[in-house]
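I have placed the structure first, in the form of structure tokens, so that the comments after it can refer back to it.
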Amino acid sequence: MRTNPANYDLVAAPNLSAALALMAENPGGLLPIAGGTDVMVRFAAGTLASWKLLSIWNLPELRRIDVSADEIRIGAGSTYTDLRRHELIAREFPLLAQAAALTGGIANQNRGTLGGNIVNASPAADSLPALLAYEAELILVSARGERRVPYLDFHTGYKKMRLEAGELIRAICVRRCFSGYVSYARKIGGRNAQAISKACIAALGRVADGVIADVRIALGSVAPIPIRLRATEELLRRKHIDAELITAAGKAALAETQPIDDIRSTARYRAAVLSNLVREFLEILDAACVTNG
């Protein structure tokens, strides 16, 4: 049943300092919202538990993308449209640009934010596997100060994360060290656009001297949280790509995941798709190696 909007209070912070002060004054009592795309879904379904909302939409401290020689720092309030249109992101971080383009429709891309996608903590979120593959770091901020944490360790369980009371994600940082990597991303859904994924993958690989020098494979919608296939990656490193390795990698990937039956798909289908996605990535990586000599 739809909730009555009159039951909710909304406070709009004029800047980041004010937002953090309000959160410190009301520990656990305010739900920060930016674009509001997921909040509105929960509101329409009558499942929005918090009655007091804090708007952090379009705060300039959160809506900026800074580039240095070593990394790119993406404000948590940056929208998917911001990511799609950023020239350096498209060139150096294509997995993130592609994830932004696959998330919802244009209206959702104009409002949805990268930070919001992270704290919403859906295992089916399109951008999160890309952040895992790039080994992003999060800058968390509160009235107490800032801290920097690896995104790899941020999600601890379904809808659970290492975000302390009064904290917001201020920025997402990614090192500029992926020149020469082959990138691969696929989203499997019920249709080509505006669909929640049944399974998705973001992968990076680099071949040197005929063997896999580095590889990162991240998946969504196949476990309670987005995951990196650590054991599969270790199996692949320092190996020459051949049919036997590709088959072994597909089996190793299945052993690391926990596909489930739900309204969007079955565990059996997800398992088959997962194996095929890993195989396809390795075939593309091998073809790129042959093409580039």
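Each chain in the structure tokens gets a letter, A, B, ..., in the order shown, and its residues are numbered from 1; ligands are numbered from 1 in order too.
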
Shell around Ala21 in chain A at 10 Å using only C-alpha atoms, local window under 5 positions removed, as a PyMOL selection string = chain A and resi 13+16+26+142-144+166

ask   = Residues of range 95-255 of chain A in strand (DSSP E or B) according to DSSP, as number ranges by chain?
value = A: 113, 137-142, 145-150, 155-157, 160-161, 168-175, 182-188, 199-208, 211-220, 227-228

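Compared by their closest atoms to Ala121 in chain A, and using only C-alpha atoms, the residues A:Met161, A:Val149, A:Ala213, A:Ala185 rank with A:Met161 nearest.
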
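CA of Glu234 in chain A sits 11.2 Å away from CA of Ala253 in chain A.
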
key: Spatial neighbours of Val211 in chain A, max dist 6 Å, only C-alpha atoms, sep filter under 6 positions, as an NGL selection string   = :A and (238-240)

Based on the selection just made, write C-alpha atoms of those residues as an mmCIF file, in the first residue's frame.
```
data_model
loop_
_atom_site.group_PDB
_atom_site.id
_atom_site.type_symbol
_atom_site.label_atom_id
_atom_site.label_comp_id
_atom_site.auth_asym_id
_atom_site.auth_seq_id
_atom_site.Cartn_x
_atom_site.Cartn_y
_atom_site.Cartn_z
ATOM 1 C CA ARG A 238 50.482 -16.550 -14.861
ATOM 2 C CA LYS A 239 48.699 -18.996 -17.171
ATOM 3 C CA HIS A 240 48.507 -19.204 -20.958
#
```

query = In range 57-236 of chain A, what's alpha helix (DSSP H) per DSSP? Answer as a PyMOL selection string?
reply = chain A and resi 80-85+87-92+94-102+106-111+114-120+128-133+230-236

Take the selection from the previous step and output its residues with C-alpha atoms, as a PDB file, in the first residue's frame.
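What ended up in again06.pdb:
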```pdb
ATOM      1  CA  TYR A  80      25.146   8.363 -14.043  1.00  0.00           C
ATOM      2  CA  THR A  81      24.776  11.062 -16.673  1.00  0.00           C
ATOM      3  CA  ASP A  82      27.835  12.807 -15.216  1.00  0.00           C
ATOM      4  CA  LEU A  83      29.765   9.537 -15.531  1.00  0.00           C
ATOM      5  CA  ARG A  84      28.568   8.855 -19.075  1.00  0.00           C
ATOM      6  CA  ARG A  85      29.587  12.299 -20.266  1.00  0.00           C
ATOM      7  CA  GLU A  87      35.696  12.040 -21.269  1.00  0.00           C
ATOM      8  CA  LEU A  88      38.394  10.589 -19.015  1.00  0.00           C
ATOM      9  CA  ILE A  89      36.023   8.060 -17.440  1.00  0.00           C
ATOM     10  CA  ALA A  90      34.960   6.886 -20.897  1.00  0.00           C
ATOM     11  CA  ARG A  91      38.584   6.534 -21.986  1.00  0.00           C
ATOM     12  CA  GLU A  92      40.275   5.087 -18.896  1.00  0.00           C
ATOM     13  CA  PRO A  94      35.079   2.032 -19.652  1.00  0.00           C
ATOM     14  CA  LEU A  95      33.519  -0.482 -17.252  1.00  0.00           C
ATOM     15  CA  LEU A  96      32.178   2.387 -15.148  1.00  0.00           C
ATOM     16  CA  ALA A  97      30.982   4.371 -18.165  1.00  0.00           C
ATOM     17  CA  GLN A  98      29.192   1.319 -19.556  1.00  0.00           C
ATOM     18  CA  ALA A  99      27.570   0.541 -16.202  1.00  0.00           C
ATOM     19  CA  ALA A 100      26.272   4.117 -16.041  1.00  0.00           C
ATOM     20  CA  ALA A 101      24.791   3.775 -19.526  1.00  0.00           C
ATOM     21  CA  LEU A 102      23.052   0.497 -18.581  1.00  0.00           C
ATOM     22  CA  ILE A 106      17.689   8.620 -19.079  1.00  0.00           C
ATOM     23  CA  ALA A 107      15.472   9.988 -16.290  1.00  0.00           C
ATOM     24  CA  ASN A 108      17.032   7.629 -13.751  1.00  0.00           C
ATOM     25  CA  GLN A 109      20.526   8.384 -15.069  1.00  0.00           C
ATOM     26  CA  ASN A 110      19.895  12.100 -14.601  1.00  0.00           C
ATOM     27  CA  ARG A 111      18.919  11.598 -10.949  1.00  0.00           C
ATOM     28  CA  LEU A 114      27.003   6.617  -7.732  1.00  0.00           C
ATOM     29  CA  GLY A 115      27.094   7.051  -3.959  1.00  0.00           C
ATOM     30  CA  GLY A 116      23.410   6.250  -3.713  1.00  0.00           C
ATOM     31  CA  ASN A 117      23.910   3.081  -5.739  1.00  0.00           C
ATOM     32  CA  ILE A 118      26.614   1.957  -3.315  1.00  0.00           C
ATOM     33  CA  VAL A 119      24.682   2.563  -0.079  1.00  0.00           C
ATOM     34  CA  ASN A 120      21.463   1.131  -1.509  1.00  0.00           C
ATOM     35  CA  LEU A 128      29.206  -2.057  -8.196  1.00  0.00           C
ATOM     36  CA  PRO A 129      31.007  -4.878 -10.070  1.00  0.00           C
ATOM     37  CA  ALA A 130      32.939  -2.206 -12.002  1.00  0.00           C
ATOM     38  CA  LEU A 131      34.060  -0.592  -8.741  1.00  0.00           C
ATOM     39  CA  LEU A 132      35.191  -3.997  -7.468  1.00  0.00           C
ATOM     40  CA  ALA A 133      37.163  -4.673 -10.631  1.00  0.00           C
ATOM     41  CA  ARG A 230      39.379 -14.302  -6.028  1.00  0.00           C
ATOM     42  CA  ALA A 231      40.003 -18.039  -6.404  1.00  0.00           C
ATOM     43  CA  THR A 232      39.188 -17.952 -10.112  1.00  0.00           C
ATOM     44  CA  GLU A 233      41.517 -14.995 -10.600  1.00  0.00           C
ATOM     45  CA  GLU A 234      44.352 -16.835  -8.845  1.00  0.00           C
ATOM     46  CA  LEU A 235      43.745 -19.880 -11.037  1.00  0.00           C
ATOM     47  CA  LEU A 236      44.143 -17.699 -14.126  1.00  0.00           C
TER      48      LEU A 236
END
```

inquiry  = From the options A:Ala287, A:Leu274, A:Ile169, A:Ala208, which residue's atoms come nearest to Val222 in chain A, counting only C-alpha atoms?
reply    = A:Leu274

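Proximity ranking of A:Pro224, A:Gly36, A:Gly77, A:Tyr181 relative to His155 in chain A places A:Pro224 first, based on only C-alpha atoms.
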
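Take CA of Ala34 in chain A and CA of Ser183 in chain A: the distance between them is 29.7 Å.
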
Pick from A:Ala124, A:Leu48, A:Ile139, A:Ala76 nearest to Pro60 in chain A, counting only C-alpha atoms = A:Ala76

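Of the listed residues A:Leu59, A:Ala288, A:Leu54, A:Cys200, the one whose atoms come nearest to Asp126 in chain A is A:Cys200, with distances taken using only C-alpha atoms.
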
ask   = Between A:Phe93, A:Ile188, A:Glu71, A:Leu62, which is the closest to Ser17 in chain A once you count only C-alpha atoms?
value = A:Leu62

Range 242-251 of chain A environment, 6 Å, only C-alpha atoms, sequence neighbours closer than 5 positions dropped, as JSON, numbers by chain = {"A": [232, 275, 278, 279]}
